[in-house]
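Below is one structure, written out as structure tokens, with a few remarks after it.
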Amino acid sequence: MPDRENNQNERGRSGFPGAPLAGAVVVFVLFHVAASLFFPERVWSAHHLRFLPPPWIAVWAAVLAIVLAPPLRRRAADAADALLDRAGRLGRPGSFLLFTATVLFLYLFRTQNLFLGDGWLLTSVVRNPEETGLGSAGYLSLAIHRGVLAALRVVRPGAGGAAPFRVTACLAGGAAVWIARALAAELGRTPRARRLLFATLLLSGGSLLFFGYVEYYPPMQAALLLYLWLGVRRLRGRGGLILPTAALGLAAVFHVSAVVFAPTWIVLALRGKAPGRRARPLLAVAAAAAAAGGWALLHFTERAYRGWEAFLPLGGAGDQSYGFFSVAHAVDAANLLFLILGGALLLPLLRWGAEARSGVPDDQAVEGNDGEEGDRTDGGGDRAAALFLAVAAAFGLAAFLFFDPKLGSRDWDLMALPLFPFLLFLARPLFFGRVEPRKDAAALLVGAMILHTFPWVAAQLDRDRAVRMTLAMVAEDPHYDNPAARAPKSFGVLLARRGYDREAGLLFERAAEKKEDPQNLFNLGTNRARRGDLLGAVGPLEEAIRLDPGYREAYVNLATVRVRLNEPARAESTLRALIAASPDYGKGYRLLGTLLVDEGRVPDGLDALREAVRLDPRDGDGWTRIGIVLAGLGGREEAKSALGRALEIDPANERARNVLNALEKRDDPERGAASSGGDGR
């Protein structure tokens, strides 16, 4: 009885998290769910629950029950501690098993869709070396991914444009797990602090950046995490300046936005061991690299977005921005910080669930039960590391704020720049304080992080749900209202290619409404035709031709719509206008010839078809149609020759093969009987 009473008293004195911390977690969960219901145009991970099948919702509810029920929470924490302690006693094999299990678990829950960011657009760009407009801010990354695609196609000739990004995302994810563990071991003073820090790094919104995410950002974020780890080691006297410099340069190679962290390198150069003269050449190189990166980013925005005004919320002067000090800007910035940080925002409240570490001086090593050293440096190294992380968080956050946060609905990956430094900044009590996080408090925080991240990740696992989720998220995104932006047009094209015509139509409607350029109108008209709205397709296609009289594809699609509307005269007029505008366009003659033949004007149609293959001798469809027409007119030998040409161009042309076989059977009745009679029985 006395022992039980002492334990209860100790629990009360040491800060049982039931009051402030547990209350904060409850408010966090309630706010999370309520905000997703009352502000559906915002990006909330709980908002994604509506896109999950019942089993996944049940998983989320089970985690919620464990987090909010103290007995269940303590049992889960005890089980996790027992598992980790057992792995720690195994030494390196145990660490390897934990690393492998973590990687496999994250891989199973990898982001399998391409809808966040410019994923699908990148897949087309990486396949086509002539397309360089997209990705100027990640030009070297684009070259790297093209090289990876070429290597993959040696093994898998059919590898698509998403394959190299998935490879680099998986490699970056494995690296992120390893670096997060190393960084937690470097900073955490106790085993529990290290475990909580490791969970924080992996359970934030950054988990979506790895193991399958199709974008430039996964390797950049892994390189930034590596830079933070190497930087902390340098400031604690366990490394030089070259490796963190290389890590930051690698991050900038994958995306030039990483140059926002260039000023943090000055802290590394001027603090720690061997500052001074030896750092001056590197300072000059860093300044030059930062200037070059800034110029590249400015050049990219000038070419793709009409300059910085498309992004910067300075005085509301841009195409889609608003005043920097406006309430709208503060709300959007807070919304996006909530999205990428989630439950980790509660880390500063850890002191309410912590107990004092007595009798352990700050400059004395603490040996954890997982076999790793904790506190291995002096106070000066700690202060320098704290300054480094604070500066990194500040510059990452500044970039986040000075880019219009409303871009975050689509470009949250770019907005995640301050993710890792800001997380480490929030987690300072885990490695700079004199407190030990209680097991119950750690379980509360980890549970809050899971509740935030799980719906966001799980909603990506089904492509159809991911499409609906993404469209719901960007429904109010002003980025789609920017006439200079390519997003609605490009995203709509990519959706249409995958068969999501209705969803693509919503984006084409918006793009054409904001900017009536020929391509937007062409996309809109074509999409309406594919969805069966033939009358609605005519107007946009005619307007596209009016704005661009040389738009061949618009003529072709308009003529096709006219045919489907049973308006052959208007279709013929459209095709003759196409030929007048592009007399060297063989497809126009082929379509005209087909139309004339179908209308019974066979000689004129045959002349047009012959002109089509004269202009384009590789037009297998043209040769096929010539062969069919000639076969009907009785010109068997000439028909065979035309059909043979069609099969030379495309051996899989079943229509040409069937007609040719039919002609050969007529010329050779015995062969026809044998082929049609099988074995004669």
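Naming works like this for the structure tokens: A, B, ... for the chains as they're shown, residue 1 at the start of each chain, ligands 1 onward in shown order.
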_Need the shell around segment 153-162 of chain A: protein/DNA/RNA residues with any atom at most 7 Å away, counting only C-alpha atoms. Skip same-chain ones fewer than 4 positions apart. Format as JSON, numbers by chain?_
{"A": [123, 124, 126, 127, 149, 166, 214]}
_Excluding Thr526 of chain A and its own-chain neighbours fewer than 4 positions away, which residues fall within 8 Å of it when counting only C-alpha atoms? Please give them as a ChimeraX atom specification._
/A:522,530,537,541,557
*Shell around Ser204 of chain A at 8 Å using only C-alpha atoms, local window under 6 positions removed, as JSON, numbers by chain*: {"A": [340, 341, 342, 343, 344, 449, 453]}
*Please measure the separation of atom CA of Arg531 of chain A and atom CA of Leu558 of chain A, giving the value in Å to one decimal.*
14.6 Å
Excluding Arg590 of chain A and residues on its chain fewer than 6 positions from it, collect all residues at most 9 Å away from it, counting only C-alpha atoms, and give them as a CSV table (one decimal) with all heavy atoms, in the first residue's frame.
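Final output, saved to selection-v2.csv:
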```csv
chain,number,residue,atom,x,y,z
A,605,GLY,N,-13.1,10.9,-102.9
A,605,GLY,CA,-12.5,10.5,-101.6
A,605,GLY,C,-11.2,9.7,-101.8
A,605,GLY,O,-10.3,9.9,-101.0
A,608,ALA,N,-8.4,12.1,-102.4
A,608,ALA,CA,-7.9,12.7,-101.1
A,608,ALA,C,-7.1,11.8,-100.3
A,608,ALA,O,-6.1,12.2,-99.7
A,608,ALA,CB,-9.1,13.2,-100.3
A,609,LEU,N,-7.5,10.5,-100.3
A,609,LEU,CA,-6.7,9.5,-99.5
A,609,LEU,C,-5.3,9.3,-100.1
A,609,LEU,O,-4.3,9.2,-99.4
A,609,LEU,CB,-7.5,8.2,-99.5
A,609,LEU,CG,-8.7,8.2,-98.6
A,609,LEU,CD1,-9.5,6.9,-98.8
A,609,LEU,CD2,-8.4,8.3,-97.1
A,610,ARG,N,-5.2,9.3,-101.4
A,610,ARG,CA,-3.9,9.1,-102.1
A,610,ARG,C,-3.0,10.4,-101.8
A,610,ARG,O,-1.8,10.2,-101.6
A,610,ARG,CB,-4.1,8.9,-103.5
A,610,ARG,CG,-4.5,7.5,-103.9
A,610,ARG,CD,-4.9,7.3,-105.3
A,610,ARG,NE,-5.1,5.9,-105.6
A,610,ARG,CZ,-5.8,5.4,-106.7
A,610,ARG,NH1,-6.4,6.3,-107.5
A,610,ARG,NH2,-5.9,4.1,-106.9
A,611,GLU,N,-3.6,11.5,-101.7
A,611,GLU,CA,-2.9,12.7,-101.4
A,611,GLU,C,-2.4,12.6,-100.0
A,611,GLU,O,-1.2,13.1,-99.6
A,611,GLU,CB,-3.7,14.0,-101.6
A,611,GLU,CG,-3.0,15.3,-101.3
A,611,GLU,CD,-1.8,15.6,-102.3
A,611,GLU,OE1,-1.7,14.9,-103.3
A,611,GLU,OE2,-1.0,16.5,-101.9
A,612,ALA,N,-3.2,12.0,-99.1
A,612,ALA,CA,-2.8,11.9,-97.7
A,612,ALA,C,-1.5,11.1,-97.5
A,612,ALA,O,-0.6,11.4,-96.8
A,612,ALA,CB,-3.9,11.3,-96.9
A,613,VAL,N,-1.5,9.9,-98.2
A,613,VAL,CA,-0.3,9.0,-98.1
A,613,VAL,C,0.9,9.6,-98.9
A,613,VAL,O,2.1,9.2,-98.6
A,613,VAL,CB,-0.6,7.6,-98.5
A,613,VAL,CG1,-1.7,7.0,-97.6
A,613,VAL,CG2,-1.1,7.5,-100.0
A,621,ASP,N,-3.1,4.2,-91.4
A,621,ASP,CA,-4.5,4.3,-91.5
A,621,ASP,C,-4.9,4.7,-92.9
A,621,ASP,O,-5.9,4.2,-93.4
A,621,ASP,CB,-5.0,5.3,-90.5
A,621,ASP,CG,-6.5,5.1,-90.2
A,621,ASP,OD1,-7.1,4.1,-90.6
A,621,ASP,OD2,-7.1,6.1,-89.7
A,622,GLY,N,-4.1,5.7,-93.5
A,622,GLY,CA,-4.5,6.1,-94.8
A,622,GLY,C,-4.3,4.9,-95.8
A,622,GLY,O,-5.2,4.8,-96.7
A,625,ARG,N,-7.3,2.5,-95.5
A,625,ARG,CA,-8.5,3.0,-96.1
A,625,ARG,C,-8.5,2.9,-97.6
A,625,ARG,O,-9.5,2.6,-98.3
A,625,ARG,CB,-8.8,4.4,-95.6
A,625,ARG,CG,-9.1,4.5,-94.1
A,625,ARG,CD,-9.4,5.9,-93.7
A,625,ARG,NE,-9.6,6.0,-92.2
A,625,ARG,CZ,-10.7,5.7,-91.6
A,625,ARG,NH1,-11.8,5.4,-92.3
A,625,ARG,NH2,-10.8,5.8,-90.3
```
_Quick one: residues within 12 Å of Pro421 of chain A, only C-alpha atoms, excluding same-chain residues fewer than 2 positions away - as a PyMOL selection string?_
chain A and resi 180+183+200-201+206+221+224-229+231-232+261+264+341+385-397+416-419+423-428
Restricting the output to N, CA and C atoms, write the selected residues as a compact mmCIF listing (two decimals), in the first residue's frame.
```txt
# COMPACT_ATOMS: atom_id res chain seq x y z
N ALA A 180 16.87 10.36 -39.92
CA ALA A 180 16.04 10.75 -38.79
C ALA A 180 16.48 10.01 -37.53
N LEU A 183 19.81 11.53 -36.46
CA LEU A 183 19.62 12.86 -35.89
C LEU A 183 18.99 12.77 -34.50
N THR A 200 8.54 12.00 -34.28
CA THR A 200 8.12 13.33 -34.73
C THR A 200 8.56 13.58 -36.17
N LEU A 201 9.79 13.20 -36.49
CA LEU A 201 10.31 13.45 -37.83
C LEU A 201 9.60 12.61 -38.89
N GLY A 206 5.60 15.37 -43.67
CA GLY A 206 6.69 14.97 -44.56
C GLY A 206 6.63 13.53 -44.98
N GLN A 221 14.22 17.02 -49.73
CA GLN A 221 13.94 17.01 -48.30
C GLN A 221 14.87 16.06 -47.56
N LEU A 224 18.09 17.87 -47.19
CA LEU A 224 18.00 18.91 -46.15
C LEU A 224 18.09 18.29 -44.76
N LEU A 225 17.45 17.13 -44.57
CA LEU A 225 17.55 16.45 -43.28
C LEU A 225 18.99 16.03 -43.02
N LEU A 226 19.66 15.56 -44.06
CA LEU A 226 21.08 15.21 -43.93
C LEU A 226 21.92 16.43 -43.57
N TYR A 227 21.60 17.56 -44.19
CA TYR A 227 22.32 18.81 -43.90
C TYR A 227 22.15 19.20 -42.43
N LEU A 228 20.95 19.08 -41.89
CA LEU A 228 20.73 19.42 -40.49
C LEU A 228 21.53 18.51 -39.57
N TRP A 229 21.53 17.24 -39.87
CA TRP A 229 22.28 16.29 -39.04
C TRP A 229 23.78 16.58 -39.08
N GLY A 231 25.20 19.34 -39.92
CA GLY A 231 25.45 20.64 -39.32
C GLY A 231 25.53 20.57 -37.81
N VAL A 232 24.61 19.83 -37.19
CA VAL A 232 24.63 19.68 -35.73
C VAL A 232 25.91 18.96 -35.29
N PHE A 261 18.10 28.17 -47.41
CA PHE A 261 18.85 27.80 -46.22
C PHE A 261 20.32 28.18 -46.32
N THR A 264 22.04 29.79 -43.34
CA THR A 264 22.33 28.95 -42.18
C THR A 264 23.74 28.38 -42.25
N LEU A 341 2.76 20.24 -40.10
CA LEU A 341 3.33 19.92 -38.79
C LEU A 341 2.41 19.03 -37.96
N ALA A 385 24.38 24.62 -31.75
CA ALA A 385 23.41 23.80 -32.47
C ALA A 385 22.02 24.42 -32.37
N ALA A 386 21.68 24.95 -31.18
CA ALA A 386 20.38 25.60 -31.02
C ALA A 386 20.26 26.81 -31.95
N LEU A 387 21.32 27.60 -32.04
CA LEU A 387 21.31 28.76 -32.94
C LEU A 387 21.15 28.31 -34.39
N PHE A 388 21.85 27.28 -34.77
CA PHE A 388 21.79 26.76 -36.14
C PHE A 388 20.37 26.33 -36.49
N LEU A 389 19.74 25.55 -35.60
CA LEU A 389 18.38 25.09 -35.87
C LEU A 389 17.38 26.23 -35.87
N ALA A 390 17.59 27.21 -34.98
CA ALA A 390 16.69 28.36 -34.95
C ALA A 390 16.79 29.18 -36.23
N VAL A 391 18.01 29.38 -36.72
CA VAL A 391 18.21 30.14 -37.97
C VAL A 391 17.59 29.37 -39.14
N ALA A 392 17.80 28.04 -39.17
CA ALA A 392 17.22 27.24 -40.25
C ALA A 392 15.70 27.31 -40.22
N ALA A 393 15.12 27.21 -39.01
CA ALA A 393 13.66 27.31 -38.90
C ALA A 393 13.17 28.68 -39.35
N ALA A 394 13.92 29.73 -38.99
CA ALA A 394 13.50 31.09 -39.34
C ALA A 394 13.53 31.31 -40.84
N PHE A 395 14.58 30.89 -41.51
CA PHE A 395 14.66 31.11 -42.96
C PHE A 395 13.69 30.21 -43.71
N GLY A 396 13.49 28.99 -43.24
CA GLY A 396 12.49 28.15 -43.88
C GLY A 396 11.10 28.71 -43.72
N LEU A 397 10.81 29.22 -42.52
CA LEU A 397 9.50 29.81 -42.26
C LEU A 397 9.32 31.09 -43.06
N ALA A 416 6.50 22.93 -47.72
CA ALA A 416 7.06 22.14 -46.62
C ALA A 416 8.53 22.43 -46.38
N LEU A 417 9.07 23.48 -46.98
CA LEU A 417 10.48 23.81 -46.78
C LEU A 417 10.87 23.91 -45.31
N PRO A 418 10.08 24.58 -44.46
CA PRO A 418 10.52 24.70 -43.06
C PRO A 418 10.23 23.46 -42.22
N LEU A 419 9.74 22.39 -42.85
CA LEU A 419 9.23 21.25 -42.10
C LEU A 419 10.22 20.72 -41.08
N LEU A 423 10.37 21.51 -37.07
CA LEU A 423 10.08 20.42 -36.14
C LEU A 423 11.16 20.32 -35.07
N LEU A 424 12.41 20.40 -35.49
CA LEU A 424 13.50 20.31 -34.53
C LEU A 424 13.51 21.51 -33.59
N PHE A 425 13.14 22.65 -34.12
CA PHE A 425 13.05 23.84 -33.27
C PHE A 425 11.97 23.65 -32.20
N LEU A 426 10.84 23.09 -32.58
CA LEU A 426 9.77 22.84 -31.61
C LEU A 426 10.16 21.78 -30.58
N ALA A 427 11.02 20.87 -30.98
CA ALA A 427 11.37 19.74 -30.12
C ALA A 427 12.58 20.02 -29.23
N ARG A 428 12.99 21.28 -29.12
CA ARG A 428 14.17 21.59 -28.32
C ARG A 428 14.12 21.05 -26.89
```
Contact residues around Ala69 of chain A with only C-alpha atoms at 12 Å, ignoring same-chain residues under 6 positions, as a compact mmCIF listing (two decimals) with N, CA, C and O atoms, in the first residue's frame:
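Below is the file that was written, out_2.txt:
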```txt
# COMPACT_ATOMS: atom_id res chain seq x y z
N GLY A 18 -2.51 14.51 -17.63
CA GLY A 18 -3.96 14.49 -17.75
C GLY A 18 -4.58 15.85 -17.89
O GLY A 18 -5.56 16.01 -18.59
N ALA A 22 -2.96 16.48 -21.98
CA ALA A 22 -4.06 15.67 -22.49
C ALA A 22 -5.21 16.55 -22.95
O ALA A 22 -5.87 16.28 -23.97
N VAL A 25 -4.40 17.82 -26.36
CA VAL A 25 -4.59 16.80 -27.39
C VAL A 25 -6.07 16.66 -27.73
O VAL A 25 -6.45 16.54 -28.91
N VAL A 26 -6.94 16.69 -26.72
CA VAL A 26 -8.38 16.60 -26.96
C VAL A 26 -8.84 17.79 -27.80
O VAL A 26 -9.59 17.63 -28.78
N ALA A 62 -9.90 3.58 -33.93
CA ALA A 62 -9.21 2.77 -32.92
C ALA A 62 -8.03 3.53 -32.33
O ALA A 62 -7.81 3.50 -31.11
N VAL A 63 -7.28 4.22 -33.18
CA VAL A 63 -6.16 5.03 -32.67
C VAL A 63 -6.69 6.14 -31.76
O VAL A 63 -6.12 6.43 -30.70
N ARG A 75 -0.96 0.93 -21.99
CA ARG A 75 -0.60 -0.41 -22.47
C ARG A 75 0.11 -0.35 -23.82
O ARG A 75 1.07 -1.08 -24.05
N ALA A 76 -0.38 0.51 -24.70
CA ALA A 76 0.28 0.65 -26.01
C ALA A 76 1.70 1.18 -25.83
O ALA A 76 2.64 0.71 -26.50
N ASP A 440 3.60 8.42 -20.72
CA ASP A 440 2.22 8.74 -21.08
C ASP A 440 2.15 9.98 -21.97
O ASP A 440 1.37 10.05 -22.92
N ALA A 443 3.29 9.06 -25.45
CA ALA A 443 2.23 8.33 -26.15
C ALA A 443 1.14 9.28 -26.64
O ALA A 443 0.60 9.11 -27.75
N LEU A 444 0.80 10.27 -25.82
CA LEU A 444 -0.20 11.26 -26.24
C LEU A 444 0.24 12.00 -27.50
O LEU A 444 -0.53 12.16 -28.45
N GLY A 447 0.34 9.72 -30.56
CA GLY A 447 -1.03 9.46 -31.00
C GLY A 447 -1.63 10.63 -31.76
O GLY A 447 -2.30 10.44 -32.78
```
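Closest to Ala169 of chain A among A:Tyr213, A:Phe96, A:Tyr139, A:Phe508 is A:Tyr213, based on only C-alpha atoms.
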*Of the residues A:Arg463, A:Arg192, A:Arg528, A:Arg146, which is the one nearest to Pro164 of chain A, using only C-alpha atoms?*
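Answer, going by the shortest atom-to-atom distance: A:Arg146.
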_For a test of reading the model, state the distance in Å between atom CA of Pro218 of chain A and atom CA of Ala172 of chain A, rounded to one decimal._
5.9 Å
